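Working notes, structure below.
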Amino acid sequence: MNTNRPLDELGFPAVVISRLLESDFVSTDDVQNLQPAELGSATGLSLKESAEVVRLVSATSISEPQDVLQIIEDESDIPHIVTFCEAIDTLLGGGIPLRAITEISGTPGIGKTQMCLQVCVSVQVPVSVGGVGGQALFIDTEGSFTSSRIKDMASHAVHHVQSISTDNPDAATFTVESILKGIHYFRCHNYIEVLAVIRHLPTLLQSHPNIRLVVIDSVAFHFRHDFSDNVARTGLLCQMTHSLIQLAGSHNLAVIVTNQMTTKIENSGSSQLVAALGETWGHCPTLRLSLHWQHHIRVATLIKAPHIRTSSVNFQVTVAGIRDISSGSVTQNMAEAQNSKKRKWTSDDS
Amino acid sequence: MRLTAGMCPALTQDVIEKLKECNIKNILDFMKTDPEALAMKASISYRDLCSIRRVIIAHSAAFVVRGEDLLKEAITATKVIPTGTAELDRVLGGGVLTGEVVELCGGWGVGKSSLCVTLATHAALHLGLSVLYIDPLNSISALRFTPVIEKLSEDAGTVEEALSRIKVESPADVWGLLKALDLVKQPYLSFGRFNTGGCNRFNSNNPSGKIKLVILDSLASILTPLFIGSTKQELGMINQLAAALKSLACEQEVAILVVNNVVQADYGKRRKRNDMYDEWKPALGRFWESVPHTRLFIQRLPNSIRQHTKELPTSHAQNMQDSMTINISVWKSTRLKQTVSMKAQNPEVNISLF
């Protein structure tokens with residue numbers, strides 16, 4: 001397909017585009033069959049600039065777009081990452097989806113980081129057992145990554161996988177050590193470092209093509225405190241979302257970001273706990289999962305999703321990781337919760 | 001514009017060289033110079049120069065069109081694209097018009113994208129139109145389409161054919177968006193394996209498979225990254241994009257549906273205008289505010305926002321079946337009465353009405 005497009009739609013720097021327009025190069029057809037040197041002498045652009053113009057112009061022919069049917073067929077065999085909590089998996093439509101950004105928000109101690117660690121482990125469940133069989137990348141801004149917790153969850157996951165498929169050769173290679181090896185960890189001390197890691201991701205994904213999960217825990221930590229200009233913050237967050245979603249699409253990644261809570265004052269004067277980072281950020285994640293307490297039971301509410309309307313399920317955090325609440329454990333849970341609301345696994349960790 | 005050889009018989013390469021010597025490089029220079037003086041200076045015949053002038057004037061001048069003709073053309077060329085939801089059609093006066101830019105505003109998670117998907121599916125399936133879905137946030141997924149498709153009563157083949165008529169582009173930035181919009185100008189787009197010589201039942205409607213409906217979901221996510229720093233670059237960009245969208249809608253006779261965010265309005269300042277304006281206003285600022293022909297605002301009705309009531313894990317499956325009610329109101333329009341509001345069922349649920 002061949003098109004004639006105005007040159008100012010191609011994204012050249014203002015200096016270059018004004019030079020081109022001054023010399024009456026208006027559309028791609030004007031530049032088409034020219035050599036960089038010819039263009040340079042006609043416009044006064046440097047050879048490097050004109051070479052760039054010629055390259056971009058020749059690259060503008062339109063390719064055939066994808067259609068929805070192709071996308072759906074492509075995605076039909078893409079697995080979801082299970083969380084080991086069936087209720088949450090059902091809520092999310094099968095687990096944490098690949099090719100999408102999932103936000104997990106909640107008050108401190110509700111289990112956001114636990115959820116992230118759990119998914120870091122379960123993303124590595126071998127394909128033959130029904131998992132994704134990928135690796136995880138953990139971008140830690142709060143310093144909340146605890147490797148001993150990963151070890152706990154990993155050993156339980158290994159035990160579970162080996163018990164359901166004893167004669168599977170893949171299950172034998174799924175060990176605590178392999179899980180720990182499959183988690184790549186970045187500690188970022190300010191938002192510049194977070195943006196740098198994301199900018200660096202394409203290179204990293206080339207050398208580690210097996211990464212299927214990127215976790216940012218939490219996205220709010222630096223972005224909430226280092227900014228005086230809210231517009232710039234929103235702009236940066238949107239840009240970050242764009243690079244993440246493009247990578248998620250091209251590399252089949254699941255992206256999980258955690259978010260803090262903030263108090264929103266309503267017009268009537270009443271207040272409400274909502275996820276931080278503002279209204280515009282709310283559009284960025286594909287799914288938003290909000291975790292909160294309800295009578296000493298942890299509840300996960302899906303507040304934004306493409307497939308179903310808002311609904312909630314209960315879950316618990318055990319030494320093994322994120323799990324369903326079986327009817328018997330509810331009472332036990334409540335008793336436990338009274339003892340220590342936060343970090344409750346320490347009580348039954350032997 | 002440059003002077004190029006072959007624009008008219010008198011303008012040969014030789015003449016261009018001569019003009020260049022007199023420092024005349026483009027049409028503007030040429031038209032500004034007196035032909036008599038130029039004829040002497042460049043030693044080109046006066047007759048040739050006059051004929052070149054005539055050709056340039058005929059080539060570049062705008063035609064005078066009578067208003068009556070414009071109206072007639074608008075009436076015959078404009079198509080109404082029904083949305084598939086009777087209530088929404090009533091608010092929109094029949095549906096979305098070609099040549100019109102409609103904006104859909106709303107907060108996160110209220111169902112903007114779901115409505116877009118429903119609209120696209122309806123247009124492709126029941127009207128046989130080709131749809132371009134520009135989707136910078138990769139929100140088109142099997143997860144999103146499954147509930148819509150499940151509600152359809154048509155057989156799988158027809159649905160698949162319709163889905164292949166919805167083209168998806170995921171541009172990374174505003175330049176990519178402008179490039180994606182160029183697809184609308186393509187006279188023909190092929191439909192994968194359904195490309196069987198173009199003999200289907202929609203032939204009479206839209207024989208060439210040319211795009212008739214463009215959905216841009218969402219515009220704010222593409223433009224917001226430009227707001228970093230104070231270069232004012234975003235204002236120029238908004239202007240350029242607005243011009244591109246409007247001329248595209250007009251020239252190619254397509255309907256354009258743009259999704260925008262809302263931001264908290266300056267409390268107090270807008271109170272006088274309209275109740276709806278009290279709390280929210282469209283994002284992207286005042287420069288964008290005047291661009292769309294029609295602006296719709298989506299809100300979830302308060303009663304559909306779920307309270308966090310006590311629930312057992314087994315009960316969630318039942319909750320998913322519930323319908324969600326959204327409220328759509330007209331904020332601005334060049335052709336509709338404002339403050340008409342409607343109550344529509346959640347499009348995901350309402351799809352069976354098609």
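Ligands are numbered from 1 in the order shown, residues from 1 within each chain, and chains are lettered A, B, ... in the order they appear in the structure tokens.
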Interface rows for region 16-135 of chain A against region 256-265 of chain A: nearest pair, Å to one decimal, 9 Å, only C-alpha atoms, as a tab-separated table:
```
residue	atom	partner	partner_atom	distance
A:Ile96	CA	A:Ile256	CA	8.4
A:Ala100	CA	A:Ile256	CA	8.5
A:Ile101	CA	A:Ile256	CA	5.8
A:Thr102	CA	A:Ile256	CA	4.8
A:Glu103	CA	A:Val257	CA	4.9
A:Ile104	CA	A:Thr258	CA	4.6
A:Ser105	CA	A:Asn259	CA	4.5
A:Gly106	CA	A:Met261	CA	5.9
A:Thr107	CA	A:Met261	CA	5.9
A:Pro108	CA	A:Gln260	CA	7.8
A:Lys112	CA	A:Thr258	CA	6.6
A:Thr113	CA	A:Thr258	CA	7.8
A:Cys116	CA	A:Ile256	CA	7.5
```
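Candidate residues A:Glu266, A:Asp152, A:Glu142, A:Glu75 were compared for distance to chain B, and the nearest is A:Glu75, using only C-alpha atoms.
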Close residues, Leu10 (chain A) itself excluded, 10 Å, only C-alpha atoms, min 2 positions apart in chain, as a list in words: Arg5, Pro6, Leu7, Asp8, Phe12, Pro13, Ile17, Thr28, Val53, Leu56, Val57 and Thr60 of chain A; Val174, Trp175, Gly176, Leu178 and Lys179 of chain B
I need the chosen residues saved as a short mmCIF file (atom, residue, chain, number, x, y, z; two decimals), in the first residue's frame, with all heavy atoms.
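Output (part-v5.cif):
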```cif
data_model
loop_
_atom_site.label_atom_id
_atom_site.label_comp_id
_atom_site.auth_asym_id
_atom_site.auth_seq_id
_atom_site.Cartn_x
_atom_site.Cartn_y
_atom_site.Cartn_z
N ARG A 5 1.86 11.11 2.51
CA ARG A 5 1.52 11.71 3.79
C ARG A 5 2.25 13.03 3.98
O ARG A 5 3.38 13.18 3.50
CB ARG A 5 1.92 10.76 4.93
CG ARG A 5 1.36 9.37 4.77
CD ARG A 5 1.71 8.53 5.96
NE ARG A 5 1.24 9.14 7.18
CZ ARG A 5 1.85 9.00 8.35
NH1 ARG A 5 2.96 8.30 8.44
NH2 ARG A 5 1.35 9.56 9.43
N PRO A 6 1.65 13.96 4.69
CA PRO A 6 2.36 15.21 4.99
C PRO A 6 3.59 14.91 5.83
O PRO A 6 3.54 14.05 6.72
CB PRO A 6 1.33 16.03 5.78
CG PRO A 6 0.03 15.37 5.57
CD PRO A 6 0.29 13.95 5.23
N LEU A 7 4.68 15.63 5.57
CA LEU A 7 5.92 15.35 6.30
C LEU A 7 5.80 15.69 7.78
O LEU A 7 6.49 15.11 8.61
CB LEU A 7 7.07 16.14 5.68
CG LEU A 7 7.60 15.59 4.35
CD1 LEU A 7 8.63 16.53 3.78
CD2 LEU A 7 8.21 14.21 4.54
N ASP A 8 4.91 16.65 8.12
CA ASP A 8 4.85 17.03 9.53
C ASP A 8 4.12 16.02 10.39
O ASP A 8 3.93 16.22 11.57
CB ASP A 8 4.25 18.44 9.69
CG ASP A 8 2.86 18.54 9.08
OD1 ASP A 8 2.40 17.53 8.55
OD2 ASP A 8 2.27 19.63 9.13
N PHE A 12 9.34 14.51 12.98
CA PHE A 12 10.69 15.07 12.93
C PHE A 12 10.80 16.20 13.95
O PHE A 12 9.79 16.81 14.31
CB PHE A 12 10.99 15.63 11.53
CG PHE A 12 11.03 14.59 10.47
CD1 PHE A 12 10.17 14.65 9.39
CD2 PHE A 12 11.93 13.53 10.55
CE1 PHE A 12 10.20 13.68 8.41
CE2 PHE A 12 11.95 12.56 9.57
CZ PHE A 12 11.08 12.63 8.50
N PRO A 13 12.03 16.51 14.39
CA PRO A 13 12.19 17.66 15.27
C PRO A 13 11.73 18.94 14.58
O PRO A 13 11.77 19.03 13.35
CB PRO A 13 13.70 17.71 15.53
CG PRO A 13 14.22 16.40 15.12
CD PRO A 13 13.28 15.81 14.14
N ILE A 17 11.68 19.99 10.50
CA ILE A 17 10.43 20.12 9.76
C ILE A 17 10.29 21.55 9.21
O ILE A 17 9.84 21.75 8.08
CB ILE A 17 9.21 19.71 10.62
CG1 ILE A 17 7.98 19.48 9.75
CG2 ILE A 17 8.86 20.70 11.69
CD1 ILE A 17 8.08 18.26 8.92
N THR A 28 5.43 13.25 1.63
CA THR A 28 6.43 12.20 1.43
C THR A 28 6.78 12.01 -0.04
O THR A 28 7.89 11.62 -0.36
CB THR A 28 5.92 10.87 2.01
OG1 THR A 28 4.63 10.63 1.49
CG2 THR A 28 5.87 10.91 3.51
N VAL A 53 15.64 11.67 7.41
CA VAL A 53 14.38 12.00 6.76
C VAL A 53 14.07 10.97 5.67
O VAL A 53 12.97 10.41 5.62
CB VAL A 53 14.43 13.42 6.16
CG1 VAL A 53 13.20 13.68 5.30
CG2 VAL A 53 14.53 14.46 7.26
N LEU A 56 13.07 7.56 7.21
CA LEU A 56 11.71 7.53 7.78
C LEU A 56 10.64 7.58 6.69
O LEU A 56 9.63 6.91 6.79
CB LEU A 56 11.52 8.70 8.74
CG LEU A 56 11.69 8.38 10.22
CD1 LEU A 56 11.55 9.62 11.06
CD2 LEU A 56 10.67 7.34 10.64
N VAL A 57 10.92 8.38 5.65
CA VAL A 57 9.92 8.50 4.60
C VAL A 57 9.75 7.18 3.86
O VAL A 57 8.64 6.75 3.56
CB VAL A 57 10.31 9.64 3.63
CG1 VAL A 57 9.53 9.53 2.33
CG2 VAL A 57 10.08 10.98 4.27
N THR A 60 7.48 4.55 5.63
CA THR A 60 6.11 4.88 6.03
C THR A 60 5.04 4.09 5.32
O THR A 60 3.87 4.32 5.57
CB THR A 60 5.81 6.38 5.80
OG1 THR A 60 6.15 6.67 4.46
CG2 THR A 60 6.55 7.24 6.77
N VAL B 174 1.88 9.51 19.31
CA VAL B 174 0.96 10.29 18.48
C VAL B 174 1.33 10.18 17.00
O VAL B 174 0.46 10.23 16.13
CB VAL B 174 0.93 11.75 18.98
CG1 VAL B 174 2.22 12.47 18.67
CG2 VAL B 174 -0.25 12.49 18.40
N TRP B 175 2.60 9.97 16.71
CA TRP B 175 3.01 9.82 15.30
C TRP B 175 2.47 8.52 14.74
O TRP B 175 2.04 8.45 13.58
CB TRP B 175 4.52 9.88 15.17
CG TRP B 175 5.10 11.06 15.89
CD1 TRP B 175 5.88 11.04 17.02
CD2 TRP B 175 4.90 12.44 15.56
NE1 TRP B 175 6.17 12.32 17.41
CE2 TRP B 175 5.60 13.20 16.53
CE3 TRP B 175 4.22 13.11 14.54
CZ2 TRP B 175 5.63 14.59 16.51
CZ3 TRP B 175 4.25 14.49 14.53
CH2 TRP B 175 4.94 15.21 15.50
N GLY B 176 2.53 7.50 15.58
CA GLY B 176 1.96 6.23 15.17
C GLY B 176 0.45 6.34 14.96
O GLY B 176 -0.11 5.70 14.07
N LEU B 178 -1.17 9.07 13.93
CA LEU B 178 -1.41 9.74 12.66
C LEU B 178 -1.20 8.76 11.50
O LEU B 178 -1.90 8.81 10.49
CB LEU B 178 -0.47 10.93 12.52
CG LEU B 178 -0.82 12.14 13.39
CD1 LEU B 178 0.32 13.13 13.43
CD2 LEU B 178 -2.08 12.80 12.89
N LYS B 179 -0.24 7.87 11.67
CA LYS B 179 0.01 6.88 10.63
C LYS B 179 -1.15 5.90 10.54
O LYS B 179 -1.58 5.53 9.44
CB LYS B 179 1.32 6.13 10.95
CG LYS B 179 1.77 5.24 9.85
CD LYS B 179 3.09 4.58 10.21
CE LYS B 179 3.42 3.52 9.20
NZ LYS B 179 4.64 2.79 9.56
#
```
Residues of chain A within 7 Å of chain B, only C-alpha atoms counted, as number ranges by chain: A: 9-11, 24, 65-69, 71-72, 75, 87, 231-232, 235-236, 238-239, 242, 245, 279-280, 282-283, 286, 304, 306-314
Leu137 (chain A) environment, 6 Å, only C-alpha atoms, sequence neighbours closer than 2 positions dropped, as an MDAnalysis selection string: chainID A and resid 183:185 214
Grab the residues selected above and save them as a CSV table (one decimal), in the first residue's frame with N, CA and C atoms.
```
chain,number,residue,atom,x,y,z
A,183,ILE,N,13.8,-15.7,39.4
A,183,ILE,CA,13.3,-14.4,39.8
A,183,ILE,C,14.4,-13.4,39.7
A,184,HIS,N,14.3,-12.4,38.8
A,184,HIS,CA,15.3,-11.4,38.7
A,184,HIS,C,14.9,-10.2,39.4
A,185,TYR,N,15.8,-9.6,40.2
A,185,TYR,CA,15.4,-8.6,41.2
A,185,TYR,C,16.1,-7.3,40.9
A,214,VAL,N,6.4,-9.1,34.9
A,214,VAL,CA,7.1,-8.0,35.4
A,214,VAL,C,6.3,-7.4,36.6
```
Interatomic distance, CA of His156 (chain A) to CA of His208 (chain A) (Å, one decimal):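 It comes out at 25.8 Å.
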Alpha helix (DSSP H) per DSSP on the backbone: members of region 73-286 of chain B, as a count of residues only: 76
